[in-house]
$ cat upload.csv   # CSV, C-alpha atoms
chain,number,residue,atom,x,y,z
A,968,MET,CA,-15.1,67.7,32.9
A,969,SER,CA,-14.5,67.1,29.2
A,970,ALA,CA,-13.0,64.2,27.3
A,971,ARG,CA,-10.7,64.6,24.4
A,972,LEU,CA,-11.0,62.4,21.4
A,973,ASP,CA,-7.6,61.4,20.0
A,974,PRO,CA,-8.0,60.9,16.2
A,975,ARG,CA,-4.9,58.6,16.1
A,976,GLY,CA,-6.4,56.3,18.8
A,977,ALA,CA,-9.7,56.1,16.9
A,978,VAL,CA,-7.9,55.3,13.7
A,979,ALA,CA,-5.9,52.6,15.5
A,980,MET,CA,-9.0,51.0,17.0
A,981,THR,CA,-10.8,51.0,13.6
A,982,THR,CA,-7.7,49.4,12.0
A,983,ALA,CA,-7.5,46.7,14.7
A,984,SER,CA,-11.3,46.0,14.4
A,985,ASP,CA,-10.9,45.7,10.6
A,986,ASP,CA,-8.0,43.3,11.0
A,987,VAL,CA,-10.0,41.1,13.4
A,988,SER,CA,-12.9,41.0,10.9
A,989,GLU,CA,-10.6,40.1,8.1
A,990,ASP,CA,-8.9,37.4,10.1
A,991,LYS,CA,-12.3,36.0,11.1
A,992,ALA,CA,-13.5,36.0,7.5
A,993,ARG,CA,-10.3,34.4,6.3
A,994,ALA,CA,-10.6,31.7,9.0
A,995,GLN,CA,-14.2,31.0,7.9
A,996,GLN,CA,-13.1,30.8,4.3
A,997,VAL,CA,-10.3,28.3,5.1
A,998,ALA,CA,-12.7,26.2,7.2
A,999,ILE,CA,-15.3,26.1,4.3
A,1000,GLU,CA,-12.6,25.2,1.8
A,1001,ARG,CA,-11.3,22.4,4.1
A,1002,ARG,CA,-14.8,20.9,4.5
A,1003,ARG,CA,-15.3,21.1,0.8
A,1004,ARG,CA,-12.0,19.2,0.1
A,1005,GLN,CA,-12.9,16.6,2.7
A,1006,PHE,CA,-16.4,16.1,1.2
A,1007,LEU,CA,-14.9,15.6,-2.3
A,1008,LEU,CA,-12.3,13.3,-0.9
A,1009,ASN,CA,-15.0,11.2,0.8
A,1010,ILE,CA,-16.9,10.9,-2.4
A,1011,ALA,CA,-13.8,9.9,-4.3
A,1012,VAL,CA,-12.9,7.2,-1.7
A,1013,ARG,CA,-16.4,5.8,-1.7
A,1014,ALA,CA,-16.6,5.8,-5.5
A,1015,ALA,CA,-13.3,4.0,-5.7
A,1016,SER,CA,-14.4,1.5,-3.1
A,1017,VAL,CA,-17.6,0.7,-4.9
A,1018,ALA,CA,-15.8,0.4,-8.2
A,1019,ILE,CA,-13.2,-2.1,-6.8
A,1020,VAL,CA,-15.9,-4.2,-5.1
A,1021,LEU,CA,-18.0,-4.4,-8.2
A,1022,LEU,CA,-15.0,-5.3,-10.3
A,1023,LEU,CA,-14.0,-8.1,-7.9
A,1024,TRP,CA,-17.6,-9.3,-7.8
A,1025,GLU,CA,-17.8,-9.3,-11.5
A,1026,TRP,CA,-14.5,-11.3,-11.7
A,1027,LEU,CA,-15.5,-13.8,-9.0
A,1028,GLY,CA,-19.0,-14.2,-10.3
A,1029,GLY,CA,-17.8,-15.4,-13.7
A,1030,ARG,CA,-15.9,-18.2,-12.0
A,1031,VAL,CA,-18.8,-19.6,-9.9
A,1032,ASP,CA,-21.7,-21.8,-10.9
A,1033,PRO,CA,-24.5,-19.5,-12.1
A,1034,ALA,CA,-27.0,-21.5,-10.1
A,1035,LEU,CA,-25.2,-20.4,-6.9
A,1036,PHE,CA,-23.9,-16.9,-7.6
A,1037,THR,CA,-24.1,-14.2,-10.2
A,1038,LYS,CA,-22.4,-11.1,-11.5
A,1039,PRO,CA,-23.3,-7.4,-11.1
A,1040,SER,CA,-23.8,-7.0,-14.9
A,1041,LEU,CA,-26.5,-9.8,-14.9
A,1042,ILE,CA,-28.1,-8.2,-11.8
A,1043,ALA,CA,-28.3,-4.9,-13.6
A,1044,VAL,CA,-30.0,-6.5,-16.6
A,1045,ALA,CA,-32.5,-8.3,-14.3
A,1046,ALA,CA,-33.2,-5.1,-12.4
A,1047,VAL,CA,-34.0,-3.3,-15.6
A,1048,ASP,CA,-36.4,-6.1,-16.7
A,1049,MET,CA,-38.1,-6.3,-13.2
A,1050,ILE,CA,-38.5,-2.5,-12.9
A,1051,GLY,CA,-39.8,-2.1,-16.5
A,1052,SER,CA,-42.4,-4.9,-16.0
A,1053,GLY,CA,-43.5,-3.5,-12.7
A,1054,GLU,CA,-42.7,-6.8,-10.9
A,1055,LEU,CA,-40.3,-5.3,-8.4
A,1056,TRP,CA,-42.7,-2.5,-7.4
A,1057,SER,CA,-45.7,-4.8,-7.1
A,1058,PHE,CA,-43.8,-6.8,-4.3
A,1059,LEU,CA,-42.0,-3.8,-2.8
A,1060,ALA,CA,-45.0,-1.5,-2.3
A,1061,PRO,CA,-46.8,-3.6,0.3
A,1062,SER,CA,-43.6,-4.1,2.2
A,1063,LEU,CA,-42.9,-0.3,2.2
A,1064,LEU,CA,-46.4,0.3,3.5
A,1065,VAL,CA,-45.8,-2.1,6.4
A,1066,LEU,CA,-42.3,-0.5,7.0
A,1067,ALA,CA,-43.8,3.0,7.2
A,1068,ILE,CA,-46.6,2.1,9.6
A,1069,GLY,CA,-44.4,-0.1,11.8
A,1070,LEU,CA,-41.6,2.3,12.1
A,1071,THR,CA,-44.0,5.2,12.8
A,1072,LEU,CA,-45.6,3.3,15.6
A,1073,ALA,CA,-42.3,2.0,17.0
A,1074,SER,CA,-40.8,5.5,16.9
A,1075,ALA,CA,-43.7,7.2,18.6
A,1076,ILE,CA,-44.3,4.5,21.3
A,1077,GLY,CA,-40.6,3.8,21.8
A,1078,ILE,CA,-39.7,7.5,22.3
A,1079,ALA,CA,-42.6,8.0,24.7
A,1080,THR,CA,-41.7,4.8,26.7
A,1081,GLY,CA,-38.0,5.8,26.9
A,1082,LEU,CA,-38.9,9.3,28.1
A,1083,LEU,CA,-41.4,7.9,30.7
A,1084,LEU,CA,-38.9,5.4,32.1
A,1085,ALA,CA,-36.0,7.9,32.2
A,1086,ARG,CA,-37.8,10.8,33.9
A,1087,PHE,CA,-40.0,8.9,36.4
A,1088,TRP,CA,-38.1,6.5,38.7
A,1089,ILE,CA,-41.4,4.7,39.7
A,1090,ALA,CA,-42.1,3.8,36.1
A,1091,ASP,CA,-38.5,2.8,35.6
A,1092,VAL,CA,-38.5,0.4,38.6
A,1093,ALA,CA,-42.0,-1.0,37.8
A,1094,LEU,CA,-41.6,-1.4,34.0
A,1095,GLY,CA,-37.9,-1.4,33.2
A,1096,VAL,CA,-37.6,-5.1,34.0
A,1097,TYR,CA,-40.2,-6.0,31.4
A,1098,ILE,CA,-38.4,-4.0,28.7
A,1099,THR,CA,-35.2,-5.9,29.6
A,1100,PHE,CA,-37.0,-9.2,29.7
A,1101,LEU,CA,-38.7,-8.8,26.3
A,1102,TYR,CA,-35.5,-7.4,24.7
A,1103,SER,CA,-33.5,-10.4,25.9
A,1104,ILE,CA,-35.8,-12.8,24.0
A,1105,PRO,CA,-34.8,-13.2,20.4
A,1106,SER,CA,-37.5,-11.4,18.4
A,1107,VAL,CA,-37.7,-14.3,15.9
A,1108,ALA,CA,-38.9,-16.6,18.7
A,1109,LEU,CA,-42.0,-14.5,19.1
A,1110,VAL,CA,-42.9,-14.4,15.5
A,1111,PRO,CA,-44.9,-17.7,15.4
A,1112,LEU,CA,-46.9,-16.5,18.5
A,1113,ILE,CA,-47.7,-13.1,16.8
A,1114,VAL,CA,-48.8,-15.0,13.7
A,1115,LEU,CA,-51.0,-17.2,15.8
A,1116,TRP,CA,-52.6,-14.2,17.5
A,1117,ALA,CA,-52.8,-11.7,14.6
A,1118,GLY,CA,-53.2,-14.0,11.6
A,1119,TYR,CA,-51.3,-13.9,8.3
A,1120,GLU,CA,-52.4,-10.5,6.9
A,1121,THR,CA,-50.9,-7.0,7.1
A,1122,THR,CA,-51.7,-6.6,10.9
A,1123,ALA,CA,-49.3,-9.4,11.8
A,1124,LYS,CA,-46.6,-7.9,9.6
A,1125,ILE,CA,-46.9,-4.5,11.3
A,1126,VAL,CA,-46.8,-6.1,14.7
A,1127,ILE,CA,-43.7,-8.1,13.8
A,1128,LEU,CA,-41.9,-5.0,12.4
A,1129,PHE,CA,-43.0,-3.0,15.5
A,1130,LEU,CA,-41.5,-5.7,17.7
A,1131,PHE,CA,-38.1,-5.4,15.9
A,1132,ALA,CA,-38.0,-1.6,15.8
A,1133,PHE,CA,-39.4,-0.7,19.2
A,1134,PHE,CA,-36.6,-1.7,21.5
A,1135,PRO,CA,-33.8,0.4,19.9
A,1136,MET,CA,-36.0,3.4,20.1
A,1137,ALA,CA,-37.0,2.9,23.7
A,1138,ILE,CA,-33.6,2.0,25.0
A,1139,ASN,CA,-31.7,4.8,23.1
A,1140,THR,CA,-34.2,7.4,24.2
A,1141,TYR,CA,-33.9,6.1,27.8
A,1142,GLN,CA,-30.1,6.4,27.6
A,1143,GLY,CA,-30.3,9.8,26.0
A,1144,VAL,CA,-32.3,11.3,28.8
A,1145,LYS,CA,-30.1,9.6,31.5
A,1146,ASN,CA,-27.0,11.1,29.8
A,1147,VAL,CA,-28.3,14.7,30.1
A,1148,ASP,CA,-26.0,16.6,32.4
A,1149,PRO,CA,-27.7,16.8,35.8
A,1150,LYS,CA,-26.1,20.2,36.4
A,1151,LEU,CA,-28.1,21.6,33.5
A,1152,ILE,CA,-31.3,20.4,35.1
A,1153,GLU,CA,-30.2,21.8,38.5
A,1154,VAL,CA,-29.6,25.2,36.8
A,1155,GLY,CA,-33.0,25.0,35.2
A,1156,ARG,CA,-34.7,24.3,38.5
A,1157,ALA,CA,-32.6,27.1,40.2
A,1158,PHE,CA,-34.1,29.5,37.6
A,1159,ARG,CA,-37.6,28.1,38.4
A,1160,CYS,CA,-38.1,26.4,35.1
A,1161,SER,CA,-41.4,24.5,34.8
A,1162,GLU,CA,-41.4,20.8,34.0
A,1163,ARG,CA,-42.4,21.7,30.4
A,1164,GLN,CA,-39.5,24.1,30.1
A,1165,LEU,CA,-37.1,21.5,31.4
A,1166,TRP,CA,-38.3,19.1,28.8
A,1167,THR,CA,-38.3,21.4,25.8
A,1168,ASN,CA,-35.1,23.4,26.6
A,1169,ILE,CA,-32.8,20.8,28.4
A,1170,VAL,CA,-33.9,17.2,28.4
A,1171,LEU,CA,-35.1,16.8,24.8
A,1172,PRO,CA,-32.3,18.7,23.1
A,1173,GLY,CA,-29.8,16.7,25.1
A,1174,ALA,CA,-31.4,13.4,24.2
A,1175,LEU,CA,-31.9,14.2,20.5
A,1176,PRO,CA,-28.6,12.6,19.3
A,1177,PHE,CA,-29.5,9.4,21.1
A,1178,ILE,CA,-33.0,9.4,19.7
A,1179,VAL,CA,-31.7,9.8,16.1
A,1180,THR,CA,-29.3,7.0,16.7
A,1181,GLY,CA,-32.2,4.9,17.9
A,1182,LEU,CA,-34.0,5.7,14.7
A,1183,ARG,CA,-31.0,4.5,12.6
A,1184,LEU,CA,-30.9,1.2,14.5
A,1185,ALA,CA,-34.7,0.9,14.3
A,1186,VAL,CA,-34.5,1.3,10.5
A,1187,GLY,CA,-32.0,-1.6,10.2
A,1188,ARG,CA,-34.0,-3.9,12.5
A,1189,GLY,CA,-37.2,-2.8,10.8
A,1190,LEU,CA,-36.0,-4.0,7.4
A,1191,ILE,CA,-35.1,-7.3,9.0
A,1192,GLY,CA,-38.5,-7.5,10.5
A,1193,MET,CA,-40.2,-6.6,7.3
A,1194,VAL,CA,-38.5,-9.4,5.3
A,1195,LEU,CA,-39.1,-11.9,8.1
A,1196,ALA,CA,-42.8,-10.9,8.3
A,1197,ASP,CA,-43.1,-11.6,4.6
A,1198,LEU,CA,-41.7,-15.1,5.1
A,1199,TYR,CA,-43.9,-16.0,8.0
A,1200,THR,CA,-47.2,-14.5,6.9
A,1201,ALA,CA,-49.1,-14.0,3.7
A,1202,ILE,CA,-47.4,-14.8,0.4
A,1203,SER,CA,-46.6,-11.2,-0.6
A,1204,GLY,CA,-44.0,-8.6,-0.2
A,1205,ILE,CA,-40.3,-8.4,-1.1
A,1206,GLY,CA,-39.4,-11.2,1.2
A,1207,TYR,CA,-41.6,-13.6,-0.8
A,1208,LEU,CA,-40.0,-12.3,-4.0
A,1209,ILE,CA,-36.5,-13.3,-2.7
A,1210,VAL,CA,-37.7,-16.8,-1.7
A,1211,ARG,CA,-39.6,-17.3,-5.0
A,1212,THR,CA,-36.6,-16.4,-7.2
A,1213,ALA,CA,-34.2,-18.4,-5.1
A,1214,SER,CA,-36.4,-21.5,-5.2
A,1215,THR,CA,-36.3,-21.4,-9.0
A,1216,PHE,CA,-32.5,-20.7,-9.1
A,1217,GLN,CA,-32.9,-17.2,-10.7
A,1218,VAL,CA,-30.0,-15.9,-8.7
A,1219,ASP,CA,-29.6,-12.7,-10.8
A,1220,ARG,CA,-33.3,-11.8,-10.1
A,1221,MET,CA,-33.0,-12.9,-6.5
A,1222,PHE,CA,-30.2,-10.3,-5.9
A,1223,VAL,CA,-32.4,-7.5,-7.3
A,1224,PRO,CA,-34.7,-7.2,-4.2
A,1225,ILE,CA,-31.6,-7.9,-1.9
A,1226,VAL,CA,-29.7,-5.0,-3.4
A,1227,THR,CA,-32.9,-2.9,-3.3
A,1228,LEU,CA,-33.2,-3.5,0.4
A,1229,GLY,CA,-29.5,-2.5,0.9
A,1230,LEU,CA,-30.0,0.7,-1.1
A,1231,LEU,CA,-33.2,1.5,0.9
A,1232,GLY,CA,-31.3,1.1,4.2
A,1233,VAL,CA,-28.4,3.3,3.0
A,1234,THR,CA,-30.9,6.0,1.8
A,1235,LEU,CA,-32.9,6.0,5.0
A,1236,THR,CA,-29.7,6.2,7.1
A,1237,ALA,CA,-28.4,9.1,5.0
A,1238,LEU,CA,-31.7,10.9,5.5
A,1239,LEU,CA,-31.5,10.3,9.3
A,1240,ARG,CA,-27.9,11.7,9.3
A,1241,LEU,CA,-29.2,14.8,7.6
A,1242,LEU,CA,-32.0,15.0,10.1
A,1243,ASP,CA,-29.5,14.7,12.9
A,1244,SER,CA,-27.4,17.6,11.5
A,1245,ARG,CA,-30.5,19.7,11.3
A,1246,VAL,CA,-32.2,19.0,14.7
A,1247,ALA,CA,-29.0,18.7,16.7
A,1248,PRO,CA,-26.3,20.6,14.8
A,1249,TRP,CA,-24.1,20.9,17.9
A,1250,THR,CA,-23.3,17.2,17.7
A,1251,SER,CA,-21.6,17.5,14.3
A,1252,ALA,CA,-20.0,20.9,14.9
A,1253,GLY,CA,-16.8,19.3,16.0
A,1254,GLU,CA,-16.6,17.1,13.0
A,1255,LYS,CA,-17.0,20.0,10.6
A,1256,ASP,CA,-14.4,22.3,12.1
$ encode --input "upload.csv" --output "structure tokens"
Amino acid sequence: MSARLDPRGAVAMTTASDDVSEDKARAQQVAIERRRRQFLLNIAVRAASVAIVLLLWEWLGGRVDPALFTKPSLIAVAAVDMIGSGELWSFLAPSLLVLAIGLTLASAIGIATGLLLARFWIADVALGVYITFLYSIPSVALVPLIVLWAGYETTAKIVILFLFAFFPMAINTYQGVKNVDPKLIEVGRAFRCSERQLWTNIVLPGALPFIVTGLRLAVGRGLIGMVLADLYTAISGIGYLIVRTASTFQVDRMFVPIVTLGLLGVTLTALLRLLDSRVAPWTSAGEKD
């Protein structure tokens, strides 16, 4: 038997295929253009919001006692002076070191604890109650005890920051693993996946968005713990700079480390959002389309 090739049919199929490719390329171009417009609109809205807030702050600051409040223009002048003299960095550097070490330890141990409790029911039953008990206690209440045990140096600061940042990491990791679709795990077991393959291909990818969210929360709580540790321990760090400038009524200089902490938090959060889009791009796919 022989098959006949109809040139008209081949041409029609080629034309239809070209039309589909053109439609797909056009749709992708429209989506890219829409995302670009949305990105520029977000920047414009945020810039307008910041400008309005600064103008209102400048206006209100000029009508309040300088010993109690200040204006953004004076804060900018003080920031230039403190950065130029190196004063800001000399107090910020030790705190950043404590923040880096404390967050690293809290992230590593918190993720490991959350994974352990979520995947092994014996560990969850035996240890989960202690996590809940410690998390229910205000962290500030434990700071004097930590200072009593660890002293007033860097070790105590790291322990305090670890205490603040550990629980968001552990709890969010735990919830992330628990929210993995059980049907996916059942499919993995049906295909005879090993425990390692289940972790690397199903459990961890499903829990990644929760882990990154835990990191965001840990950063915010870590900054609080960092300043609190400076206040309770050795006279150093950015927390002490805030107290020193406030006690001498240098309100404009007091706001410089406060604004620095806010900018640090915004920067770290933005980096974590970027990390989230890289390690778990499927979570933001719906937002981009």
$ closest_residue --input "upload.csv" --among "A:Val1147, A:Ile1078, A:Leu1066, A:Val1047" --to "Leu1235 of chain A" --atoms "only C-alpha atoms"
A:Leu1066
$ atom_distance --input "upload.csv" --atom1 "atom CA of Glu1153 of chain A" --atom2 "atom CA of Phe1177 of chain A"
21.4 Å
$ atom_distance --input "upload.csv" --atom1 "atom CA of Asp1197 of chain A" --atom2 "atom CA of Pro1061 of chain A"
9.8 Å
$ residues_around --input "upload.csv" --residues "Gly1192 of chain A" --least-positions-apart "6" --cutoff "7 Å" --atoms "all atoms listed in the file" --output "MDAnalysis selection string"
chainID A and resid 1127:1128 1131
$ atom_distance --input "upload.csv" --atom1 "atom CA of Pro1135 of chain A" --atom2 "atom CA of Pro1176 of chain A"
13.3 Å
$ closest_residue --input "upload.csv" --among "A:Leu1115, A:Gln1142, A:Pro1172, A:Ser1062" --to "Val1194 of chain A" --atoms "only C-alpha atoms"
A:Ser1062
$ closest_residue --input "upload.csv" --among "A:Ile1225, A:Val1179, A:Ile1205, A:Leu1195" --to "Arg1245 of chain A" --atoms "all atoms listed in the file"
A:Val1179
$ closest_residue --input "upload.csv" --among "A:Gln1005, A:Asp990, A:Thr1121, A:Pro1224" --to "Ser1057 of chain A" --atoms "all atoms listed in the file"
A:Pro1224
$ closest_residue --input "upload.csv" --among "A:Ile1098, A:Ala1060, A:Val1218, A:Leu1130" --to "Val1031 of chain A" --atoms "all atoms listed in the file"
A:Val1218
$ residues_around --input "upload.csv" --residues "segment 1007-1024 of chain A" --least-positions-apart "3" --cutoff "12 Å" --atoms "all atoms listed in the file" --output "PyMOL selection string"
chain A and resi 1000-1004+1027-1031+1036-1043
$ closest_residue --input "upload.csv" --among "A:Ala1067, A:Ile999, A:Leu1208, A:Val1107" --to "Gly1189 of chain A" --atoms "only C-alpha atoms"
A:Ala1067
$ residues_around --input "upload.csv" --residues "Ala1045 of chain A" --least-positions-apart "3" --cutoff "8 Å" --atoms "only C-alpha atoms" --output "VMD selection string"
chain A and resid 1041 to 1042 1048 to 1049 1219 to 1220 1223
$ residues_around --input "upload.csv" --residues "Phe1216 of chain A" --least-positions-apart "3" --cutoff "8 Å" --atoms "all atoms listed in the file" --output "mmCIF file with C-alpha atoms, keeping the file's coordinate frame"
data_model
loop_
_atom_site.group_PDB
_atom_site.id
_atom_site.type_symbol
_atom_site.label_atom_id
_atom_site.label_comp_id
_atom_site.auth_asym_id
_atom_site.auth_seq_id
_atom_site.Cartn_x
_atom_site.Cartn_y
_atom_site.Cartn_z
ATOM 1 C CA ALA A 1034 -27.000 -21.500 -10.100
ATOM 2 C CA LEU A 1035 -25.200 -20.400 -6.900
ATOM 3 C CA THR A 1212 -36.600 -16.400 -7.200
ATOM 4 C CA ALA A 1213 -34.200 -18.400 -5.100
#
